[in-house]
$ cat query_39.pdb   # PDB, C-alpha atoms and all ligand atoms
ATOM      1  CA  MET A 255      36.463  29.960  -8.371
ATOM      2  CA  SER A 256      33.746  28.107 -10.183
ATOM      3  CA  ALA A 257      31.275  25.863  -8.371
ATOM      4  CA  ASN A 258      30.734  22.174  -8.931
ATOM      5  CA  ILE A 259      27.330  21.874 -10.606
ATOM      6  CA  ILE A 260      25.337  19.241  -8.705
ATOM      7  CA  ASP A 261      23.674  16.962 -11.257
ATOM      8  CA  GLY A 262      20.357  16.181  -9.580
ATOM      9  CA  LYS A 263      19.009  14.587 -12.722
ATOM     10  CA  ALA A 264      21.830  12.026 -12.836
ATOM     11  CA  PHE A 265      21.602  11.354  -9.088
ATOM     12  CA  ALA A 266      17.829  10.883  -9.400
ATOM     13  CA  LEU A 267      18.293   8.413 -12.260
ATOM     14  CA  GLY A 268      20.726   6.381 -10.159
ATOM     15  CA  LEU A 269      18.301   6.415  -7.223
ATOM     16  CA  ARG A 270      15.478   5.279  -9.516
ATOM     17  CA  GLU A 271      17.617   2.325 -10.651
ATOM     18  CA  ARG A 272      18.319   1.293  -7.047
ATOM     19  CA  ILE A 273      14.602   1.614  -6.296
ATOM     20  CA  ALA A 274      13.675  -0.519  -9.326
ATOM     21  CA  ALA A 275      16.037  -3.278  -8.143
ATOM     22  CA  GLN A 276      14.347  -3.353  -4.728
ATOM     23  CA  VAL A 277      10.881  -3.168  -6.310
ATOM     24  CA  ALA A 278      11.723  -6.440  -8.081
ATOM     25  CA  ASN A 279      12.629  -8.025  -4.705
ATOM     26  CA  PHE A 280       9.386  -6.711  -3.206
ATOM     27  CA  VAL A 281       7.288  -8.131  -6.050
ATOM     28  CA  ALA A 282       8.961 -11.540  -5.632
ATOM     29  CA  ALA A 283       8.259 -11.523  -1.879
ATOM     30  CA  ALA A 284       4.782  -9.947  -1.774
ATOM     31  CA  GLY A 285       3.321 -11.189  -5.053
ATOM     32  CA  ARG A 286       2.167  -7.721  -6.081
ATOM     33  CA  LYS A 287       3.611  -4.380  -7.175
ATOM     34  CA  PRO A 288       3.928  -1.344  -4.903
ATOM     35  CA  GLY A 289       1.087   1.017  -5.889
ATOM     36  CA  LEU A 290       0.988   4.818  -6.042
ATOM     37  CA  ALA A 291      -2.307   6.688  -6.503
ATOM     38  CA  VAL A 292      -2.103  10.271  -7.784
ATOM     39  CA  VAL A 293      -5.161  12.519  -7.683
ATOM     40  CA  LEU A 294      -5.325  15.571  -9.953
ATOM     41  CA  VAL A 295      -8.176  18.058  -9.583
ATOM     42  CA  GLY A 296      -8.743  20.407 -12.511
ATOM     43  CA  GLU A 297      -6.722  21.063 -15.614
ATOM     44  CA  ASP A 298      -3.774  23.240 -14.582
ATOM     45  CA  PRO A 299      -1.258  22.480 -17.394
ATOM     46  CA  ALA A 300       1.854  22.552 -15.154
ATOM     47  CA  SER A 301       0.196  20.162 -12.669
ATOM     48  CA  ALA A 302      -0.860  17.872 -15.512
ATOM     49  CA  VAL A 303       2.775  17.708 -16.709
ATOM     50  CA  TYR A 304       4.044  16.794 -13.205
ATOM     51  CA  VAL A 305       1.347  14.160 -12.778
ATOM     52  CA  ARG A 306       2.211  12.603 -16.133
ATOM     53  CA  SER A 307       5.932  12.444 -15.339
ATOM     54  CA  LYS A 308       5.170  10.932 -11.906
ATOM     55  CA  GLY A 309       3.036   8.242 -13.560
ATOM     56  CA  LYS A 310       5.746   7.430 -16.105
ATOM     57  CA  ALA A 311       8.484   7.219 -13.461
ATOM     58  CA  THR A 312       6.265   4.995 -11.299
ATOM     59  CA  VAL A 313       5.713   2.489 -14.112
ATOM     60  CA  ALA A 314       9.397   2.635 -15.148
ATOM     61  CA  ALA A 315      10.362   1.605 -11.596
ATOM     62  CA  GLY A 316       8.097  -1.459 -11.862
ATOM     63  CA  MET A 317       5.316  -0.059  -9.670
ATOM     64  CA  ALA A 318       1.588   0.283 -10.330
ATOM     65  CA  SER A 319       0.329   3.804 -11.063
ATOM     66  CA  PHE A 320      -3.315   4.738 -10.404
ATOM     67  CA  GLU A 321      -4.294   8.142 -11.799
ATOM     68  CA  HIS A 322      -7.536   9.834 -10.787
ATOM     69  CA  ARG A 323      -8.639  12.997 -12.553
ATOM     70  CA  LEU A 324     -11.488  15.016 -11.088
ATOM     71  CA  PRO A 325     -13.135  18.104 -12.581
ATOM     72  CA  ALA A 326     -12.059  21.516 -11.259
ATOM     73  CA  ASP A 327     -15.515  22.043  -9.694
ATOM     74  CA  VAL A 328     -15.611  18.706  -7.829
ATOM     75  CA  ALA A 329     -17.328  18.893  -4.439
ATOM     76  CA  GLN A 330     -15.178  18.558  -1.331
ATOM     77  CA  ASP A 331     -17.207  15.515  -0.207
ATOM     78  CA  GLU A 332     -16.547  13.751  -3.474
ATOM     79  CA  LEU A 333     -12.787  14.301  -3.208
ATOM     80  CA  LEU A 334     -12.804  13.111   0.417
ATOM     81  CA  ALA A 335     -14.786  10.021  -0.638
ATOM     82  CA  LEU A 336     -12.106   9.201  -3.234
ATOM     83  CA  VAL A 337      -9.402   9.543  -0.552
ATOM     84  CA  ASP A 338     -11.408   7.171   1.682
ATOM     85  CA  THR A 339     -11.596   4.635  -1.155
ATOM     86  CA  LEU A 340      -7.830   4.847  -1.740
ATOM     87  CA  ASN A 341      -7.148   4.571   2.020
ATOM     88  CA  ALA A 342      -9.112   1.298   2.030
ATOM     89  CA  ASP A 343      -7.617  -0.127  -1.195
ATOM     90  CA  PRO A 344      -4.964  -2.776  -0.380
ATOM     91  CA  ALA A 345      -3.275  -2.275  -3.789
ATOM     92  CA  VAL A 346      -2.520   1.361  -2.916
ATOM     93  CA  ASP A 347       0.600   1.968  -0.791
ATOM     94  CA  GLY A 348       0.954   5.683  -1.468
ATOM     95  CA  ILE A 349      -1.563   8.490  -2.049
ATOM     96  CA  LEU A 350      -0.658  11.896  -3.473
ATOM     97  CA  VAL A 351      -3.231  14.628  -4.015
ATOM     98  CA  GLN A 352      -1.587  17.166  -6.306
ATOM     99  CA  LEU A 353      -1.450  20.657  -4.780
ATOM    100  CA  PRO A 354      -2.489  23.407  -5.107
ATOM    101  CA  LEU A 355      -6.195  22.544  -5.136
ATOM    102  CA  PRO A 356      -8.847  24.888  -6.594
ATOM    103  CA  GLY A 357      -9.849  27.591  -4.105
ATOM    104  CA  HIS A 358     -13.180  26.100  -3.004
ATOM    105  CA  LEU A 359     -11.432  22.980  -1.645
ATOM    106  CA  ASP A 360      -9.899  22.776   1.831
ATOM    107  CA  GLU A 361      -6.314  21.521   1.403
ATOM    108  CA  LEU A 362      -5.828  20.809   5.096
ATOM    109  CA  ALA A 363      -9.045  18.766   5.260
ATOM    110  CA  VAL A 364      -7.927  16.723   2.241
ATOM    111  CA  THR A 365      -4.341  16.256   3.457
ATOM    112  CA  THR A 366      -5.483  15.121   6.905
ATOM    113  CA  ARG A 367      -7.965  12.651   5.393
ATOM    114  CA  ILE A 368      -5.115  10.614   3.850
ATOM    115  CA  ASP A 369      -4.052   7.639   5.993
ATOM    116  CA  PRO A 370      -0.724   8.832   7.503
ATOM    117  CA  ASP A 371       0.755   5.423   6.673
ATOM    118  CA  LYS A 372      -0.016   5.989   2.954
ATOM    119  CA  ASP A 373       1.011   9.664   3.023
ATOM    120  CA  VAL A 374       4.080   9.381   0.775
ATOM    121  CA  ASP A 375       4.152  13.201   0.411
ATOM    122  CA  GLY A 376       4.721  13.463   4.171
ATOM    123  CA  PHE A 377       2.267  16.383   4.361
ATOM    124  CA  HIS A 378      -0.052  14.941   7.066
ATOM    125  CA  PRO A 379       0.404  16.695  10.446
ATOM    126  CA  VAL A 380       1.009  13.246  11.992
ATOM    127  CA  ASN A 381       4.038  12.808   9.722
ATOM    128  CA  ALA A 382       5.235  16.363  10.439
ATOM    129  CA  GLY A 383       5.037  15.474  14.155
ATOM    130  CA  ARG A 384       6.814  12.170  13.632
ATOM    131  CA  LEU A 385       9.659  13.952  11.819
ATOM    132  CA  ALA A 386       9.912  16.588  14.551
ATOM    133  CA  THR A 387      10.078  13.945  17.295
ATOM    134  CA  GLY A 388      12.310  11.395  15.541
ATOM    135  CA  LEU A 389       9.633   8.752  14.937
ATOM    136  CA  GLU A 390       9.384   6.599  11.815
ATOM    137  CA  GLY A 391       7.012   8.078   9.231
ATOM    138  CA  PHE A 392       7.195   9.764   5.847
ATOM    139  CA  VAL A 393       9.400  12.769   5.099
ATOM    140  CA  PRO A 394       8.383  15.276   2.369
ATOM    141  CA  CYS A 395      10.072  14.352  -0.903
ATOM    142  CA  THR A 396      11.737  17.639  -1.835
ATOM    143  CA  PRO A 397      13.628  18.203   1.443
ATOM    144  CA  LEU A 398      14.645  14.543   1.661
ATOM    145  CA  GLY A 399      16.002  14.767  -1.892
ATOM    146  CA  CYS A 400      17.965  17.900  -0.934
ATOM    147  CA  VAL A 401      19.608  16.109   2.017
ATOM    148  CA  MET A 402      20.558  13.199  -0.239
ATOM    149  CA  LEU A 403      22.297  15.624  -2.621
ATOM    150  CA  LEU A 404      24.021  17.401   0.290
ATOM    151  CA  LYS A 405      25.371  14.166   1.805
ATOM    152  CA  ASP A 406      26.525  12.985  -1.612
ATOM    153  CA  GLN A 407      28.373  16.277  -2.053
ATOM    154  CA  LEU A 408      29.716  16.881   1.457
ATOM    155  CA  GLY A 409      29.646  13.559   3.301
ATOM    156  CA  ASP A 410      28.991  14.074   7.024
ATOM    157  CA  LEU A 411      27.094  17.346   7.658
ATOM    158  CA  THR A 412      27.824  17.470  11.412
ATOM    159  CA  GLY A 413      28.514  20.938  12.754
ATOM    160  CA  LEU A 414      27.951  22.765   9.488
ATOM    161  CA  ASP A 415      26.071  26.078   9.512
ATOM    162  CA  ALA A 416      22.897  25.675   7.445
ATOM    163  CA  VAL A 417      20.530  28.486   6.502
ATOM    164  CA  VAL A 418      17.111  27.564   5.118
ATOM    165  CA  ILE A 419      15.329  30.466   3.442
ATOM    166  CA  GLY A 420      11.596  29.804   3.563
ATOM    167  CA  ARG A 421       9.300  28.417   6.278
ATOM    168  CA  SER A 422       6.636  26.474   4.397
ATOM    169  CA  ASN A 423       5.235  23.247   5.824
ATOM    170  CA  ILE A 424       6.234  21.321   2.708
ATOM    171  CA  VAL A 425       9.835  22.497   2.248
ATOM    172  CA  GLY A 426      11.305  24.991   4.742
ATOM    173  CA  LYS A 427      10.199  23.450   8.046
ATOM    174  CA  PRO A 428      10.883  19.775   7.181
ATOM    175  CA  MET A 429      14.200  20.816   5.565
ATOM    176  CA  ALA A 430      15.237  22.441   8.852
ATOM    177  CA  GLN A 431      14.223  19.304  10.805
ATOM    178  CA  LEU A 432      16.280  17.066   8.509
ATOM    179  CA  LEU A 433      19.364  19.297   8.732
ATOM    180  CA  LEU A 434      18.999  19.337  12.522
ATOM    181  CA  LYS A 435      18.877  15.523  12.453
ATOM    182  CA  GLU A 436      22.172  15.644  10.514
ATOM    183  CA  SER A 437      23.602  17.752  13.383
ATOM    184  CA  CYS A 438      23.843  21.000  11.456
ATOM    185  CA  THR A 439      23.439  24.344  13.208
ATOM    186  CA  VAL A 440      20.198  25.433  11.569
ATOM    187  CA  THR A 441      18.790  28.892  10.940
ATOM    188  CA  ILE A 442      15.398  29.397   9.310
ATOM    189  CA  ALA A 443      15.203  32.726   7.504
ATOM    190  CA  HIS A 444      12.034  34.145   5.929
ATOM    191  CA  SER A 445      10.413  37.260   4.504
ATOM    192  CA  ARG A 446      10.625  39.081   7.857
ATOM    193  CA  THR A 447      14.290  38.229   8.520
ATOM    194  CA  ARG A 448      16.435  41.308   9.120
ATOM    195  CA  ASP A 449      19.630  41.629   7.076
ATOM    196  CA  LEU A 450      19.132  38.390   5.159
ATOM    197  CA  SER A 451      22.386  38.814   3.228
ATOM    198  CA  SER A 452      24.435  38.700   6.481
ATOM    199  CA  VAL A 453      22.535  35.653   7.709
ATOM    200  CA  VAL A 454      23.187  33.820   4.430
ATOM    201  CA  LYS A 455      26.867  34.899   4.424
ATOM    202  CA  ARG A 456      27.555  32.729   7.511
ATOM    203  CA  ALA A 457      26.207  29.573   5.935
ATOM    204  CA  ASP A 458      28.157  26.519   4.803
ATOM    205  CA  ILE A 459      24.843  25.253   3.382
ATOM    206  CA  VAL A 460      22.201  27.526   1.839
ATOM    207  CA  VAL A 461      18.782  26.103   0.945
ATOM    208  CA  ALA A 462      16.629  28.584  -0.982
ATOM    209  CA  ALA A 463      12.889  27.830  -0.931
ATOM    210  CA  VAL A 464      11.163  31.185  -1.156
ATOM    211  CA  GLY A 465       9.444  31.106  -4.540
ATOM    212  CA  ARG A 466      10.934  34.386  -5.786
ATOM    213  CA  ALA A 467      12.982  34.335  -8.964
ATOM    214  CA  GLU A 468      16.748  34.887  -8.434
ATOM    215  CA  MET A 469      16.286  36.614  -5.083
ATOM    216  CA  VAL A 470      19.405  35.137  -3.453
ATOM    217  CA  LYS A 471      22.419  37.031  -4.817
ATOM    218  CA  GLY A 472      25.918  35.744  -5.504
ATOM    219  CA  GLU A 473      27.475  38.332  -3.145
ATOM    220  CA  TRP A 474      25.509  36.817  -0.225
ATOM    221  CA  ILE A 475      27.216  33.440  -0.570
ATOM    222  CA  LYS A 476      30.244  32.485   1.530
ATOM    223  CA  PRO A 477      33.073  31.311  -0.756
ATOM    224  CA  GLY A 478      33.002  27.522  -1.015
ATOM    225  CA  ALA A 479      29.456  27.121   0.397
ATOM    226  CA  THR A 480      27.020  24.547  -0.979
ATOM    227  CA  VAL A 481      23.844  26.076  -2.470
ATOM    228  CA  ILE A 482      20.624  24.087  -2.925
ATOM    229  CA  ASP A 483      18.033  25.900  -5.037
ATOM    230  CA  VAL A 484      14.502  24.589  -4.500
ATOM    231  CA  GLY A 485      12.819  27.362  -6.506
ATOM    232  CA  ILE A 486      11.055  26.776  -9.820
ATOM    233  CA  ASN A 487       9.969  30.093 -11.308
ATOM    234  CA  ARG A 488       8.626  30.472 -14.818
ATOM    235  CA  THR A 489       9.824  33.786 -16.276
ATOM    236  CA  ALA A 490       9.756  35.309 -19.749
ATOM    237  CA  THR A 491      13.290  33.983 -20.299
ATOM    238  CA  GLY A 492      12.481  30.470 -19.073
ATOM    239  CA  LEU A 493      12.741  28.437 -15.867
ATOM    240  CA  VAL A 494      14.859  29.981 -13.083
ATOM    241  CA  GLY A 495      15.445  29.172  -9.426
ATOM    242  CA  ASP A 496      15.366  31.325  -6.284
ATOM    243  CA  VAL A 497      19.140  31.885  -6.608
ATOM    244  CA  ASP A 498      21.011  34.093  -9.061
ATOM    245  CA  PHE A 499      22.741  31.061 -10.571
ATOM    246  CA  ALA A 500      25.567  32.767 -12.474
ATOM    247  CA  GLY A 501      26.462  35.020  -9.537
ATOM    248  CA  ALA A 502      26.316  32.236  -6.949
ATOM    249  CA  ALA A 503      28.172  29.715  -9.130
ATOM    250  CA  SER A 504      31.183  32.036  -9.254
ATOM    251  CA  VAL A 505      31.661  31.894  -5.443
ATOM    252  CA  ALA A 506      29.990  28.691  -4.205
ATOM    253  CA  GLY A 507      31.766  25.359  -3.841
ATOM    254  CA  ALA A 508      28.768  23.545  -5.289
ATOM    255  CA  ILE A 509      25.308  24.508  -6.520
ATOM    256  CA  THR A 510      22.183  22.841  -7.919
ATOM    257  CA  PRO A 511      20.936  24.101 -11.293
ATOM    258  CA  VAL A 512      17.281  24.771 -12.224
ATOM    259  CA  PRO A 513      16.096  22.704 -14.025
ATOM    260  CA  GLY A 514      18.071  19.502 -13.450
ATOM    261  CA  GLY A 515      18.781  19.932  -9.726
ATOM    262  CA  VAL A 516      16.232  19.431  -6.967
ATOM    263  CA  GLY A 517      13.169  18.854  -9.197
ATOM    264  CA  PRO A 518      14.091  15.387 -10.493
ATOM    265  CA  MET A 519      14.950  14.340  -6.918
ATOM    266  CA  THR A 520      11.395  15.107  -5.767
ATOM    267  CA  ILE A 521       9.951  12.463  -8.081
ATOM    268  CA  ALA A 522      12.651   9.886  -7.296
ATOM    269  CA  VAL A 523      12.038  10.275  -3.542
ATOM    270  CA  LEU A 524       8.289   9.913  -4.103
ATOM    271  CA  LEU A 525       9.023   6.481  -5.593
ATOM    272  CA  ARG A 526      11.344   5.724  -2.678
ATOM    273  CA  ASN A 527       8.633   6.601  -0.144
ATOM    274  CA  THR A 528       6.107   4.450  -2.027
ATOM    275  CA  LEU A 529       8.470   1.451  -1.970
ATOM    276  CA  VAL A 530       9.162   1.982   1.739
ATOM    277  CA  SER A 531       5.410   2.179   2.407
ATOM    278  CA  ALA A 532       4.787  -1.048   0.507
ATOM    279  CA  GLY A 533       7.539  -2.797   2.481
ATOM    280  CA  ARG A 534       6.088  -1.662   5.824
ATOM    281  CA  ARG A 535       2.545  -2.623   4.862
ATOM    282  CA  GLU A 536       3.519  -6.109   3.672
ATOM    283  CA  GLY A 537       6.266  -6.800   6.211
ATOM    284  CA  VAL A 538       8.872  -7.061   3.433
ATOM    285  CA  ALA A 539      12.318  -5.703   4.362
ATOM    286  CA  ILE A 540      13.473  -2.725   2.273
ATOM    287  CA  ASP A 541      17.165  -1.782   2.443
ATOM    288  CA  GLU A 542      16.727   1.948   2.998
ATOM    289  CA  VAL A 543      20.471   2.475   3.473
ATOM    290  CA  ALA A 544      21.084   1.251  -0.089
ATOM    291  CA  LEU A 545      18.568   3.781  -1.480
TER     292      LEU A 545
HETATM  293  N1  LIG A 601       1.020  16.755  -3.424
HETATM  294  C1  LIG A 601       2.033  17.303  -4.106
HETATM  295  N2  LIG A 601       3.269  16.759  -4.025
HETATM  296  C2  LIG A 601       4.306  17.286  -4.734
HETATM  297  O1  LIG A 601       5.454  16.792  -4.630
HETATM  298  C3  LIG A 601       4.051  18.402  -5.582
HETATM  299  C4  LIG A 601       2.753  18.918  -5.631
HETATM  300  N3  LIG A 601       1.776  18.365  -4.890
HETATM  301  N4  LIG A 601       2.468  19.985  -6.425
HETATM  302  C5  LIG A 601       3.465  20.568  -7.291
HETATM  303  C6  LIG A 601       4.861  20.395  -6.739
HETATM  304  C7  LIG A 601       5.959  20.606  -7.729
HETATM  305  N5  LIG A 601       6.648  19.330  -7.839
HETATM  306  C8  LIG A 601       7.690  19.076  -8.716
HETATM  307  C9  LIG A 601       8.080  17.805  -9.068
HETATM  308  C10 LIG A 601       9.056  17.588 -10.018
HETATM  309  C11 LIG A 601       9.688  18.626 -10.634
HETATM  310  C12 LIG A 601      10.704  18.375 -11.676
HETATM  311  O2  LIG A 601      10.969  17.242 -12.047
HETATM  312  N6  LIG A 601      11.318  19.407 -12.255
HETATM  313  C13 LIG A 601      12.269  19.268 -13.325
HETATM  314  C14 LIG A 601      11.678  19.794 -14.623
HETATM  315  C15 LIG A 601      11.127  21.195 -14.502
HETATM  316  C16 LIG A 601      10.295  21.617 -15.717
HETATM  317  O3  LIG A 601      10.807  21.528 -16.826
HETATM  318  O4  LIG A 601       9.134  22.050 -15.486
HETATM  319  C17 LIG A 601      13.552  20.002 -12.978
HETATM  320  O5  LIG A 601      13.551  20.847 -12.065
HETATM  321  O6  LIG A 601      14.567  19.702 -13.589
HETATM  322  C18 LIG A 601       9.340  19.893 -10.274
HETATM  323  C19 LIG A 601       8.348  20.125  -9.331
HETATM  324  C20 LIG A 601       6.049  18.431  -7.026
HETATM  325  N7  LIG A 601       5.035  18.997  -6.349
END
$ encode --input "query_39.pdb" --output "structure tokens"
Amino acid sequence: MSANIIDGKAFALGLRERIAAQVANFVAAAGRKPGLAVVLVGEDPASAVYVRSKGKATVAAGMASFEHRLPADVAQDELLALVDTLNADPAVDGILVQLPLPGHLDELAVTTRIDPDKDVDGFHPVNAGRLATGLEGFVPCTPLGCVMLLKDQLGDLTGLDAVVIGRSNIVGKPMAQLLLKESCTVTIAHSRTRDLSSVVKRADIVVAAVGRAEMVKGEWIKPGATVIDVGINRTATGLVGDVDFAGAASVAGAITPVPGGVGPMTIAVLLRNTLVSAGRREGVAIDEVAL
């Protein structure tokens, strides 16, 4: 058996086209573009690449992109003051502070300073609480993109056994909440899980978000399962995910590649969240079902 390779790049491009169409409607109704502000602290080359591609995708969708670059040694107060300015700016619908921040800065203090209603990353504890309790808010981009790929692949997810490997606040925990909302039976596995291979073997859906290159082996996968690989690990041989792709692809029903799987979805969903924010702030209806 050979798995269907889930083309996240193509799906993300389609989503970006649907977003662009609704951005045009928003501009006609509100008389301004949706605006996304991205803050980059320091000069980490990988972060700079992500920030550049976010800015390009934002403009390509017809939105306004505001980039703010601060030196690596910026004081915490100065960064918080910039967040305050963006919170108060009516042209800004979404604020993203690129993580990780340099060690002297308090990520939680920065994340919680962002207005929850402009928090298009969905990292604010208010948005985590809204997701957990079923209230309207913002959902982190990567897990939401994963669910979109899963529903496109499988249709209704009701009753499926889903195993999420990883318990981070930005992927593992919100991923589990979203799968629960889709009526999956959800298990969260992590570094202290006993007999991980047996836990994974039960799963119809495996989401790997551990940050360890190729740690999920092909023999762990139930034949026909759907495998979503959130990992992006830079190795000597290039970019690899958290899943042994060749091994897993020989048993899975479907699998996301790295690159070209989950990564492009993260940026597309960021644009989606920014459009949704703009619609809420201006009272302009956004057809979220069509996105
Ligand atoms: N506040 C905040 N929000 C984020 O969403 C956020 C962040 N900080 N810090 C860094 C991570 C990482 N991230 C990615 C986005 C796109 C790709 C992506 O498009 N990847 C492509 C290309 C990969 C490559 O060639 O490097 C792919 O997987 O095909 C990957 C990773 C967003 N992040």
$ residues_near_ligand --input "query_39.pdb" --ligand "ligand LIG 601 (chain A)" --cutoff "7 Å" --atoms "all atoms listed in the file" --output "PyMOL selection string"
chain A and resi 263+301+304+350-354+375+395-396+486+512-518+520-521
$ closest_atom_pairs --input "query_39.pdb" --of "stretch 264-327 of chain A" --to "stretch 358-373 of chain A" --cutoff "10 Å" --atoms "only C-alpha atoms" --output "tab-separated table"
residue	atom	partner	partner_atom	distance
A:Leu290	CA	A:Lys372	CA	9.1
A:Ala291	CA	A:Lys372	CA	9.8
A:Val295	CA	A:Leu359	CA	9.9
A:Ala326	CA	A:His358	CA	9.5
A:Asp327	CA	A:His358	CA	8.2
$ resolve_selection --input "query_39.pdb" --expression "the PyMOL selection byres (((chain A and resi 267) around 12) and not hetatm)" --output "number ranges by chain"
A: 261-266, 268-274, 311, 314-315, 514-515, 518-523, 525, 545
$ residues_around --input "query_39.pdb" --residues "stretch 498-508 of chain A" --least-positions-apart "5" --cutoff "12 Å" --atoms "all atoms listed in the file" --output "NGL selection string"
:A and (255-262 or 403-404 or 406-408 or 454-455 or 457-460 or 462 or 466-483 or 485 or 487 or 493 or 513 or 515)
$ closest_residue --input "query_39.pdb" --among "A:Asn381, A:Asn279, A:Ser451, A:Ser422" --to "A:Val393" --atoms "only C-alpha atoms"
A:Asn381
$ resolve_selection --input "query_39.pdb" --expression "the PyMOL selection byres (((chain A and resi 288) around 12) and not hetatm)" --output "ChimeraX atom specification"
/A:273-274,276-287,289-291,312-313,315-320,344-349,372,525-536,538
$ axis_aligned_box --input "query_39.pdb" --around "stretch 309-323 of chain A" --padding-each-side "3 Å" --output "AutoDock Vina command-line options"
--center_x 0.9 --center_y 5.8 --center_z -12.9 --size_x 25.0 --size_y 20.5 --size_z 12.4
$ closest_residue --input "query_39.pdb" --among "A:Met402, A:Ile419, A:Ala382, A:Ile540" --to "A:Val497" --atoms "all atoms listed in the file"
A:Ile419
$ resolve_selection --input "query_39.pdb" --expression "the PyMOL selection byres (((chain A and resi 336) around 12) and not hetatm)" --output "PyMOL selection string"
chain A and resi 291-295+321-324+328-335+337-343+349-351+364+367-368
$ write_last_selection --input "query_39.pdb" --atoms "C-alpha atoms" --output "PDB file, keeping the file's coordinate frame"
ATOM      1  CA  ALA A 291      -2.307   6.688  -6.503  1.00  0.00           C
ATOM      2  CA  VAL A 292      -2.103  10.271  -7.784  1.00  0.00           C
ATOM      3  CA  VAL A 293      -5.161  12.519  -7.683  1.00  0.00           C
ATOM      4  CA  LEU A 294      -5.325  15.571  -9.953  1.00  0.00           C
ATOM      5  CA  VAL A 295      -8.176  18.058  -9.583  1.00  0.00           C
ATOM      6  CA  GLU A 321      -4.294   8.142 -11.799  1.00  0.00           C
ATOM      7  CA  HIS A 322      -7.536   9.834 -10.787  1.00  0.00           C
ATOM      8  CA  ARG A 323      -8.639  12.997 -12.553  1.00  0.00           C
ATOM      9  CA  LEU A 324     -11.488  15.016 -11.088  1.00  0.00           C
ATOM     10  CA  VAL A 328     -15.611  18.706  -7.829  1.00  0.00           C
ATOM     11  CA  ALA A 329     -17.328  18.893  -4.439  1.00  0.00           C
ATOM     12  CA  GLN A 330     -15.178  18.558  -1.331  1.00  0.00           C
ATOM     13  CA  ASP A 331     -17.207  15.515  -0.207  1.00  0.00           C
ATOM     14  CA  GLU A 332     -16.547  13.751  -3.474  1.00  0.00           C
ATOM     15  CA  LEU A 333     -12.787  14.301  -3.208  1.00  0.00           C
ATOM     16  CA  LEU A 334     -12.804  13.111   0.417  1.00  0.00           C
ATOM     17  CA  ALA A 335     -14.786  10.021  -0.638  1.00  0.00           C
ATOM     18  CA  VAL A 337      -9.402   9.543  -0.552  1.00  0.00           C
ATOM     19  CA  ASP A 338     -11.408   7.171   1.682  1.00  0.00           C
ATOM     20  CA  THR A 339     -11.596   4.635  -1.155  1.00  0.00           C
ATOM     21  CA  LEU A 340      -7.830   4.847  -1.740  1.00  0.00           C
ATOM     22  CA  ASN A 341      -7.148   4.571   2.020  1.00  0.00           C
ATOM     23  CA  ALA A 342      -9.112   1.298   2.030  1.00  0.00           C
ATOM     24  CA  ASP A 343      -7.617  -0.127  -1.195  1.00  0.00           C
ATOM     25  CA  ILE A 349      -1.563   8.490  -2.049  1.00  0.00           C
ATOM     26  CA  LEU A 350      -0.658  11.896  -3.473  1.00  0.00           C
ATOM     27  CA  VAL A 351      -3.231  14.628  -4.015  1.00  0.00           C
ATOM     28  CA  VAL A 364      -7.927  16.723   2.241  1.00  0.00           C
ATOM     29  CA  ARG A 367      -7.965  12.651   5.393  1.00  0.00           C
ATOM     30  CA  ILE A 368      -5.115  10.614   3.850  1.00  0.00           C
TER      31      ILE A 368
END
$ closest_residue --input "query_39.pdb" --among "A:Gly420, A:Leu432, A:Gly357, A:Ser452" --to "A:Pro394" --atoms "all atoms listed in the file"
A:Leu432
$ closest_residue --input "query_39.pdb" --among "A:Arg488, A:Val417, A:Leu524, A:Glu436" --to "A:Phe392" --atoms "only C-alpha atoms"
A:Leu524
$ closest_residue --input "query_39.pdb" --among "A:Val484, A:Leu411, A:Ala443, A:Val453" --to "A:Pro397" --atoms "only C-alpha atoms"
A:Val484
$ atom_distance --input "query_39.pdb" --atom1 "atom CA of A:Pro299" --atom2 "atom CA of A:Gly426"
25.6 Å
$ atom_distance --input "query_39.pdb" --atom1 "atom CA of A:Thr489" --atom2 "atom CA of A:Val401"
27.3 Å
$ atom_distance --input "query_39.pdb" --atom1 "atom CA of A:Val418" --atom2 "atom CA of A:Leu385"
16.9 Å
